[in-house]
Amino acid sequence: MIKAGALLYAMFLIIVIAIISSSFILVNYYNSAYVIGSLKQEQLYRDASSGINYGLSFHQEIPLNSTIEIDLFNDEQHKVNVGKKQWGAFYILSAEAKWKNKLAVKSALIGANINEGEKIALYLADQNKPLSLTGRTIITGNCYLPKAGVKRAYIEGKSFVGNKLINGLKYNSQKSLPKINNELINENMKSFSPTLSITDSVLDYELFFEQDSIINSFQNKTLVLYSPLTINLSNKIIEGNIIIKSDKQILVSSSTIITNVILYAKGIILEKNTKGTMQIFAQDSIWIEEKCQLNYPSVIALIGKGNTEISRKIIIEEDVLIKGVVFLYNENFDRKHQALISIGEKSEITGQVYSSELLELKGKVIGGVFCKKLLLKTPSSVYENHLMDAVINRKDLSEYFVGVPLTEVIKNQRIIKWLN
């Protein structure tokens, strides 16, 4: 005969065993769910990375400022939304992969692979005048020059110093420069307007006037700060997914640190010793005072549309360092008011320089130069198609440099930096 205590003991053991078994089953379930979730999250990140690679390979097939769905393996299991939007002179490429409540997003700043084709040191349009060199001018790389060729010159008491005029191959240039990238020009002309797309947040700059730091992640909507008046940026830290616009002028002081931000205005002035990484776009003038330092990937751009009663100019004073791109495009040529890029002595541009009209180069360019005509101003005279004590070196530009698709010839894109 079984005692009542033994029955209670057996029931206790059954309950304990049931709890332990249930715990093992529950732990195993959550472990399995965690593993499956982790594996799926890793797959989503891989799919997002594949989406970025797809976007780089088929860049031209993705409509600007829109998103398309890609089934990576045609199995309904690896779908990715790939989007592309203009970001100043570059593009932002993004890829998003979803599964239930899980999400993986990757985005990158991309630009043109300018090393994919011919590496040109100087393209000088043929205006029926030769290129004249004097002083310690050094040009290294292949050049497209007028049919009149290149010669030595003696001006301001200086003659050419060196054994070779051009350290590279010479070809005949055309009367006009390679065609400018219309999408680059048109999209940025739209951006001078105070209104943008519905995906942006447009706010009055005065709301942020008192703030000493303005930071916005690229995972958020673009923050557009607008003012119809002149904007003076001083004693601030401005970083990230931000566009600043003025209908008049933007002044940037050396007390302001700007990183990955775009500026649009009629005129822009960077005061002496200003440092940062930025894209600046103006319609009339850009003035960069001495000893400024703009890190890669910075862009200095002047886009002139329509007629004007002034000479549109980019003035880069002495001892300025810019790693990126300097370009000027003027739609309507006016002989009385020719547009000009002026690069001062001891200044150094690493990357691309493009002027649809005049270029005055007294400093150094590590990369490529495209211009319609060269200009040299001295205390005694003004000379056309002359270079004095200037340096252009295409061979020293890094193979990893990613630039701006200034011409329609460059198609392939590469990643400049990851944004998240």
# chains A, B, ... in the order shown; residues from 1 in each chain; ligands from 1
>>> closest_atom_pairs(of="range 150-233 of chain A", to="range 283-286 of chain A", cutoff="12 Å", atoms="only C-alpha atoms", output="JSON lines")
{"residue": "A:Ile185", "atom": "CA", "partner": "A:Gln283", "partner_atom": "CA", "distance": 11.4}
{"residue": "A:Asn188", "atom": "CA", "partner": "A:Gln283", "partner_atom": "CA", "distance": 10.5}
{"residue": "A:Met189", "atom": "CA", "partner": "A:Gln283", "partner_atom": "CA", "distance": 8.7}
{"residue": "A:Lys190", "atom": "CA", "partner": "A:Gln283", "partner_atom": "CA", "distance": 11.8}
{"residue": "A:Ser191", "atom": "CA", "partner": "A:Gln283", "partner_atom": "CA", "distance": 11.3}
{"residue": "A:Phe192", "atom": "CA", "partner": "A:Gln283", "partner_atom": "CA", "distance": 8.6}
{"residue": "A:Ser193", "atom": "CA", "partner": "A:Gln283", "partner_atom": "CA", "distance": 11.8}
>>> residues_around(residues="Val326 in chain A", least_positions_apart="6", cutoff="9 Å", atoms="only C-alpha atoms", output="count of residues only")
13
>>> closest_residue(among="A:Gly368, A:Gly157, A:Pro194, A:Gly135", to="Leu406 in chain A", atoms="only C-alpha atoms")
A:Gly368
>>> residues_around(residues="range 253-268 of chain A", least_positions_apart="3", cutoff="8 Å", atoms="only C-alpha atoms", output="PDB file with N, CA and C atoms, in the first residue's frame")
ATOM      1  N   GLY A  88      24.925  67.758 -53.606  1.00  0.00           N
ATOM      2  CA  GLY A  88      25.885  68.720 -54.142  1.00  0.00           C
ATOM      3  C   GLY A  88      26.440  68.230 -55.467  1.00  0.00           C
ATOM      4  N   SER A 191      18.783  73.726 -56.630  1.00  0.00           N
ATOM      5  CA  SER A 191      19.025  73.787 -55.190  1.00  0.00           C
ATOM      6  C   SER A 191      19.208  75.208 -54.674  1.00  0.00           C
ATOM      7  N   PHE A 192      19.397  76.188 -55.560  1.00  0.00           N
ATOM      8  CA  PHE A 192      19.469  77.580 -55.107  1.00  0.00           C
ATOM      9  C   PHE A 192      18.100  78.078 -54.653  1.00  0.00           C
ATOM     10  N   ASN A 232      25.666  84.826 -41.510  1.00  0.00           N
ATOM     11  CA  ASN A 232      27.029  84.902 -40.970  1.00  0.00           C
ATOM     12  C   ASN A 232      27.231  83.705 -40.040  1.00  0.00           C
ATOM     13  N   LEU A 233      28.077  82.764 -40.461  1.00  0.00           N
ATOM     14  CA  LEU A 233      28.333  81.560 -39.677  1.00  0.00           C
ATOM     15  C   LEU A 233      29.588  81.769 -38.841  1.00  0.00           C
ATOM     16  N   SER A 234      29.418  81.952 -37.550  1.00  0.00           N
ATOM     17  CA  SER A 234      30.554  82.152 -36.653  1.00  0.00           C
ATOM     18  C   SER A 234      30.300  81.457 -35.326  1.00  0.00           C
ATOM     19  N   ASN A 235      31.385  80.935 -34.717  1.00  0.00           N
ATOM     20  CA  ASN A 235      31.319  80.260 -33.412  1.00  0.00           C
ATOM     21  C   ASN A 235      30.304  79.118 -33.399  1.00  0.00           C
ATOM     22  N   LYS A 236      30.359  78.296 -34.434  1.00  0.00           N
ATOM     23  CA  LYS A 236      29.426  77.174 -34.519  1.00  0.00           C
ATOM     24  C   LYS A 236      30.131  75.896 -34.964  1.00  0.00           C
ATOM     25  N   ILE A 237      29.514  74.770 -34.623  1.00  0.00           N
ATOM     26  CA  ILE A 237      29.865  73.465 -35.178  1.00  0.00           C
ATOM     27  C   ILE A 237      28.664  72.993 -35.978  1.00  0.00           C
ATOM     28  N   ILE A 238      28.853  72.804 -37.279  1.00  0.00           N
ATOM     29  CA  ILE A 238      27.757  72.398 -38.172  1.00  0.00           C
ATOM     30  C   ILE A 238      28.200  71.128 -38.888  1.00  0.00           C
ATOM     31  N   GLU A 239      27.417  70.065 -38.726  1.00  0.00           N
ATOM     32  CA  GLU A 239      27.887  68.769 -39.219  1.00  0.00           C
ATOM     33  C   GLU A 239      26.742  67.902 -39.712  1.00  0.00           C
ATOM     34  N   GLY A 240      26.990  67.212 -40.820  1.00  0.00           N
ATOM     35  CA  GLY A 240      26.081  66.166 -41.266  1.00  0.00           C
ATOM     36  C   GLY A 240      25.149  66.548 -42.393  1.00  0.00           C
ATOM     37  N   ASN A 241      23.953  65.990 -42.337  1.00  0.00           N
ATOM     38  CA  ASN A 241      22.960  66.067 -43.404  1.00  0.00           C
ATOM     39  C   ASN A 241      22.241  67.420 -43.376  1.00  0.00           C
ATOM     40  N   ILE A 242      22.998  68.472 -43.717  1.00  0.00           N
ATOM     41  CA  ILE A 242      22.503  69.845 -43.581  1.00  0.00           C
ATOM     42  C   ILE A 242      22.834  70.644 -44.846  1.00  0.00           C
ATOM     43  N   ILE A 243      21.871  71.432 -45.302  1.00  0.00           N
ATOM     44  CA  ILE A 243      22.076  72.388 -46.398  1.00  0.00           C
ATOM     45  C   ILE A 243      21.734  73.773 -45.868  1.00  0.00           C
ATOM     46  N   ILE A 244      22.608  74.743 -46.121  1.00  0.00           N
ATOM     47  CA  ILE A 244      22.373  76.122 -45.694  1.00  0.00           C
ATOM     48  C   ILE A 244      22.260  76.998 -46.940  1.00  0.00           C
ATOM     49  N   LYS A 245      21.170  77.797 -47.010  1.00  0.00           N
ATOM     50  CA  LYS A 245      20.904  78.603 -48.197  1.00  0.00           C
ATOM     51  C   LYS A 245      20.648  80.056 -47.828  1.00  0.00           C
ATOM     52  N   SER A 246      21.137  80.920 -48.705  1.00  0.00           N
ATOM     53  CA  SER A 246      20.835  82.342 -48.570  1.00  0.00           C
ATOM     54  C   SER A 246      20.552  82.920 -49.950  1.00  0.00           C
ATOM     55  N   ASP A 247      19.587  83.856 -50.007  1.00  0.00           N
ATOM     56  CA  ASP A 247      19.319  84.549 -51.268  1.00  0.00           C
ATOM     57  C   ASP A 247      20.387  85.600 -51.554  1.00  0.00           C
ATOM     58  N   LYS A 248      21.213  85.880 -50.561  1.00  0.00           N
ATOM     59  CA  LYS A 248      22.251  86.902 -50.733  1.00  0.00           C
ATOM     60  C   LYS A 248      23.653  86.309 -50.560  1.00  0.00           C
ATOM     61  N   GLN A 249      24.183  86.349 -49.341  1.00  0.00           N
ATOM     62  CA  GLN A 249      25.562  85.969 -49.133  1.00  0.00           C
ATOM     63  C   GLN A 249      25.696  85.096 -47.888  1.00  0.00           C
ATOM     64  N   ILE A 250      26.707  84.221 -47.902  1.00  0.00           N
ATOM     65  CA  ILE A 250      27.063  83.452 -46.717  1.00  0.00           C
ATOM     66  C   ILE A 250      28.513  83.763 -46.364  1.00  0.00           C
ATOM     67  N   GLU A 271      36.472  83.205 -44.600  1.00  0.00           N
ATOM     68  CA  GLU A 271      37.454  84.113 -44.019  1.00  0.00           C
ATOM     69  C   GLU A 271      38.771  83.402 -43.733  1.00  0.00           C
ATOM     70  N   LYS A 272      39.802  84.157 -43.547  1.00  0.00           N
ATOM     71  CA  LYS A 272      41.161  83.669 -43.329  1.00  0.00           C
ATOM     72  C   LYS A 272      41.190  82.577 -42.253  1.00  0.00           C
ATOM     73  N   ASN A 273      41.957  81.498 -42.549  1.00  0.00           N
ATOM     74  CA  ASN A 273      42.191  80.379 -41.613  1.00  0.00           C
ATOM     75  C   ASN A 273      40.978  79.475 -41.395  1.00  0.00           C
ATOM     76  N   THR A 274      39.958  79.596 -42.223  1.00  0.00           N
ATOM     77  CA  THR A 274      38.802  78.703 -42.096  1.00  0.00           C
ATOM     78  C   THR A 274      39.201  77.274 -42.470  1.00  0.00           C
ATOM     79  N   LYS A 275      38.736  76.310 -41.676  1.00  0.00           N
ATOM     80  CA  LYS A 275      39.019  74.894 -41.944  1.00  0.00           C
ATOM     81  C   LYS A 275      37.721  74.108 -41.925  1.00  0.00           C
ATOM     82  N   GLY A 276      37.674  73.037 -42.715  1.00  0.00           N
ATOM     83  CA  GLY A 276      36.482  72.203 -42.711  1.00  0.00           C
ATOM     84  C   GLY A 276      36.396  71.320 -43.937  1.00  0.00           C
ATOM     85  N   THR A 277      35.269  70.615 -44.042  1.00  0.00           N
ATOM     86  CA  THR A 277      34.960  69.773 -45.205  1.00  0.00           C
ATOM     87  C   THR A 277      33.577  70.174 -45.671  1.00  0.00           C
ATOM     88  N   MET A 278      33.485  70.768 -46.840  1.00  0.00           N
ATOM     89  CA  MET A 278      32.190  71.325 -47.271  1.00  0.00           C
ATOM     90  C   MET A 278      32.105  71.420 -48.787  1.00  0.00           C
ATOM     91  N   GLN A 279      30.868  71.546 -49.251  1.00  0.00           N
ATOM     92  CA  GLN A 279      30.615  71.869 -50.650  1.00  0.00           C
ATOM     93  C   GLN A 279      29.976  73.249 -50.677  1.00  0.00           C
ATOM     94  N   ILE A 280      30.558  74.158 -51.447  1.00  0.00           N
ATOM     95  CA  ILE A 280      29.985  75.499 -51.535  1.00  0.00           C
ATOM     96  C   ILE A 280      29.656  75.826 -52.991  1.00  0.00           C
ATOM     97  N   PHE A 281      28.425  76.302 -53.193  1.00  0.00           N
ATOM     98  CA  PHE A 281      27.929  76.630 -54.522  1.00  0.00           C
ATOM     99  C   PHE A 281      27.458  78.081 -54.522  1.00  0.00           C
ATOM    100  N   ALA A 282      27.941  78.844 -55.486  1.00  0.00           N
ATOM    101  CA  ALA A 282      27.533  80.243 -55.605  1.00  0.00           C
ATOM    102  C   ALA A 282      27.143  80.534 -57.048  1.00  0.00           C
ATOM    103  N   GLN A 283      26.403  81.634 -57.225  1.00  0.00           N
ATOM    104  CA  GLN A 283      25.976  82.046 -58.565  1.00  0.00           C
ATOM    105  C   GLN A 283      26.794  83.220 -59.103  1.00  0.00           C
ATOM    106  N   ASP A 284      27.358  84.023 -58.206  1.00  0.00           N
ATOM    107  CA  ASP A 284      28.097  85.215 -58.646  1.00  0.00           C
ATOM    108  C   ASP A 284      29.580  85.190 -58.270  1.00  0.00           C
ATOM    109  N   SER A 285      29.885  84.886 -57.001  1.00  0.00           N
ATOM    110  CA  SER A 285      31.286  84.963 -56.581  1.00  0.00           C
ATOM    111  C   SER A 285      31.570  84.062 -55.391  1.00  0.00           C
ATOM    112  N   ILE A 286      32.800  83.564 -55.350  1.00  0.00           N
ATOM    113  CA  ILE A 286      33.328  82.832 -54.201  1.00  0.00           C
ATOM    114  C   ILE A 286      34.697  83.421 -53.890  1.00  0.00           C
ATOM    115  N   TRP A 287      34.912  83.768 -52.625  1.00  0.00           N
ATOM    116  CA  TRP A 287      36.190  84.351 -52.213  1.00  0.00           C
ATOM    117  C   TRP A 287      36.723  83.527 -51.040  1.00  0.00           C
TER     118      TRP A 287
END
>>> atom_distance(atom1="CA of Ser380 in chain A", atom2="CA of Gly149 in chain A")
25.4 Å
>>> select_by_dssp(residues="range 227-341 of chain A", states="strand (DSSP E or B)", output="NGL selection string")
:A and (227 or 231-233 or 237-240 or 242-246 or 249-252 or 257-270 or 275-288 or 293-304 or 313-316 or 321-330 or 340-341)
>>> residues_around(residues="Cys143 in chain A", least_positions_apart="5", cutoff="6 Å", atoms="only C-alpha atoms", output="list in words")
Ile120, Ala121, Leu122, Tyr123 and Lys170 of chain A
>>> residues_around(residues="Leu375 in chain A", least_positions_apart="2", cutoff="9 Å", atoms="only C-alpha atoms", output="PyMOL selection string")
chain A and resi 340+342+358-361+373+377+382-387
>>> residues_around(residues="Asp396 in chain A", least_positions_apart="5", cutoff="10 Å", atoms="only C-alpha atoms", output="PyMOL selection string")
chain A and resi 140-141+350+365-367
>>> closest_residue(among="A:Ala18, A:Lys40, A:Leu374, A:Lys84", to="Glu61 in chain A", atoms="only C-alpha atoms")
A:Lys84
>>> residues_around(residues="Glu345 in chain A", least_positions_apart="2", cutoff="12 Å", atoms="only C-alpha atoms", output="PDB file with N, CA and C atoms, in the first residue's frame")
ATOM      1  N   GLU A 290      43.216  83.790 -47.532  1.00  0.00           N
ATOM      2  CA  GLU A 290      44.467  83.055 -47.362  1.00  0.00           C
ATOM      3  C   GLU A 290      44.435  82.102 -46.170  1.00  0.00           C
ATOM      4  N   LYS A 291      45.215  81.030 -46.323  1.00  0.00           N
ATOM      5  CA  LYS A 291      45.451  80.026 -45.288  1.00  0.00           C
ATOM      6  C   LYS A 291      44.205  79.240 -44.890  1.00  0.00           C
ATOM      7  N   ILE A 315      37.841  83.344 -56.399  1.00  0.00           N
ATOM      8  CA  ILE A 315      39.153  83.866 -56.011  1.00  0.00           C
ATOM      9  C   ILE A 315      39.678  83.027 -54.852  1.00  0.00           C
ATOM     10  N   ILE A 316      40.795  82.372 -55.080  1.00  0.00           N
ATOM     11  CA  ILE A 316      41.465  81.583 -54.047  1.00  0.00           C
ATOM     12  C   ILE A 316      42.787  82.286 -53.750  1.00  0.00           C
ATOM     13  N   GLU A 317      42.888  82.852 -52.568  1.00  0.00           N
ATOM     14  CA  GLU A 317      44.067  83.641 -52.236  1.00  0.00           C
ATOM     15  C   GLU A 317      45.282  82.744 -51.973  1.00  0.00           C
ATOM     16  N   GLU A 318      46.349  83.326 -51.436  1.00  0.00           N
ATOM     17  CA  GLU A 318      47.604  82.602 -51.238  1.00  0.00           C
ATOM     18  C   GLU A 318      47.522  81.608 -50.083  1.00  0.00           C
ATOM     19  N   ASP A 319      48.325  80.555 -50.209  1.00  0.00           N
ATOM     20  CA  ASP A 319      48.526  79.590 -49.119  1.00  0.00           C
ATOM     21  C   ASP A 319      47.234  78.899 -48.698  1.00  0.00           C
ATOM     22  N   VAL A 320      46.419  78.546 -49.679  1.00  0.00           N
ATOM     23  CA  VAL A 320      45.167  77.830 -49.435  1.00  0.00           C
ATOM     24  C   VAL A 320      45.340  76.370 -49.867  1.00  0.00           C
ATOM     25  N   LEU A 321      44.820  75.443 -49.067  1.00  0.00           N
ATOM     26  CA  LEU A 321      44.870  74.019 -49.398  1.00  0.00           C
ATOM     27  C   LEU A 321      43.447  73.504 -49.605  1.00  0.00           C
ATOM     28  N   SER A 342      40.784  82.132 -60.094  1.00  0.00           N
ATOM     29  CA  SER A 342      42.131  82.609 -59.801  1.00  0.00           C
ATOM     30  C   SER A 342      42.679  81.837 -58.600  1.00  0.00           C
ATOM     31  N   ILE A 343      43.808  81.172 -58.782  1.00  0.00           N
ATOM     32  CA  ILE A 343      44.454  80.382 -57.733  1.00  0.00           C
ATOM     33  C   ILE A 343      45.787  81.033 -57.393  1.00  0.00           C
ATOM     34  N   SER A 347      49.244  78.257 -53.114  1.00  0.00           N
ATOM     35  CA  SER A 347      48.007  77.500 -52.910  1.00  0.00           C
ATOM     36  C   SER A 347      48.097  76.180 -53.651  1.00  0.00           C
ATOM     37  N   GLU A 348      47.447  75.168 -53.094  1.00  0.00           N
ATOM     38  CA  GLU A 348      47.544  73.824 -53.673  1.00  0.00           C
ATOM     39  C   GLU A 348      46.165  73.181 -53.742  1.00  0.00           C
ATOM     40  N   ILE A 349      45.812  72.737 -54.941  1.00  0.00           N
ATOM     41  CA  ILE A 349      44.549  72.037 -55.171  1.00  0.00           C
ATOM     42  C   ILE A 349      44.876  70.581 -55.485  1.00  0.00           C
ATOM     43  N   GLU A 360      43.448  81.566 -63.921  1.00  0.00           N
ATOM     44  CA  GLU A 360      44.733  82.146 -63.550  1.00  0.00           C
ATOM     45  C   GLU A 360      45.345  81.234 -62.493  1.00  0.00           C
ATOM     46  N   LEU A 361      46.430  80.566 -62.857  1.00  0.00           N
ATOM     47  CA  LEU A 361      47.062  79.596 -61.966  1.00  0.00           C
ATOM     48  C   LEU A 361      48.466  80.052 -61.596  1.00  0.00           C
ATOM     49  N   LYS A 362      48.625  80.395 -60.329  1.00  0.00           N
ATOM     50  CA  LYS A 362      49.941  80.775 -59.816  1.00  0.00           C
ATOM     51  C   LYS A 362      50.437  79.780 -58.772  1.00  0.00           C
ATOM     52  N   GLY A 363      49.603  78.811 -58.440  1.00  0.00           N
ATOM     53  CA  GLY A 363      49.960  77.832 -57.431  1.00  0.00           C
ATOM     54  C   GLY A 363      50.211  76.466 -58.032  1.00  0.00           C
ATOM     55  N   LYS A 364      49.701  75.425 -57.349  1.00  0.00           N
ATOM     56  CA  LYS A 364      49.987  74.042 -57.725  1.00  0.00           C
ATOM     57  C   LYS A 364      48.697  73.244 -57.779  1.00  0.00           C
ATOM     58  N   VAL A 365      48.581  72.394 -58.791  1.00  0.00           N
ATOM     59  CA  VAL A 365      47.454  71.475 -58.910  1.00  0.00           C
ATOM     60  C   VAL A 365      47.995  70.055 -59.012  1.00  0.00           C
ATOM     61  N   MET A 388      53.379  80.947 -65.261  1.00  0.00           N
ATOM     62  CA  MET A 388      54.669  81.322 -64.683  1.00  0.00           C
ATOM     63  C   MET A 388      54.770  80.749 -63.273  1.00  0.00           C
ATOM     64  N   ASP A 389      55.785  79.934 -63.037  1.00  0.00           N
ATOM     65  CA  ASP A 389      56.046  79.325 -61.723  1.00  0.00           C
ATOM     66  C   ASP A 389      54.847  78.512 -61.227  1.00  0.00           C
ATOM     67  N   ALA A 390      54.126  77.900 -62.151  1.00  0.00           N
ATOM     68  CA  ALA A 390      52.972  77.070 -61.797  1.00  0.00           C
ATOM     69  C   ALA A 390      53.330  75.592 -61.918  1.00  0.00           C
ATOM     70  N   VAL A 391      52.618  74.750 -61.185  1.00  0.00           N
ATOM     71  CA  VAL A 391      52.855  73.307 -61.220  1.00  0.00           C
ATOM     72  C   VAL A 391      51.539  72.579 -61.459  1.00  0.00           C
TER      73      VAL A 391
END
>>> atom_distance(atom1="CA of Ser201 in chain A", atom2="CA of Leu419 in chain A")
19.1 Å
>>> atom_distance(atom1="CA of Ile25 in chain A", atom2="CA of Ala10 in chain A")
22.1 Å
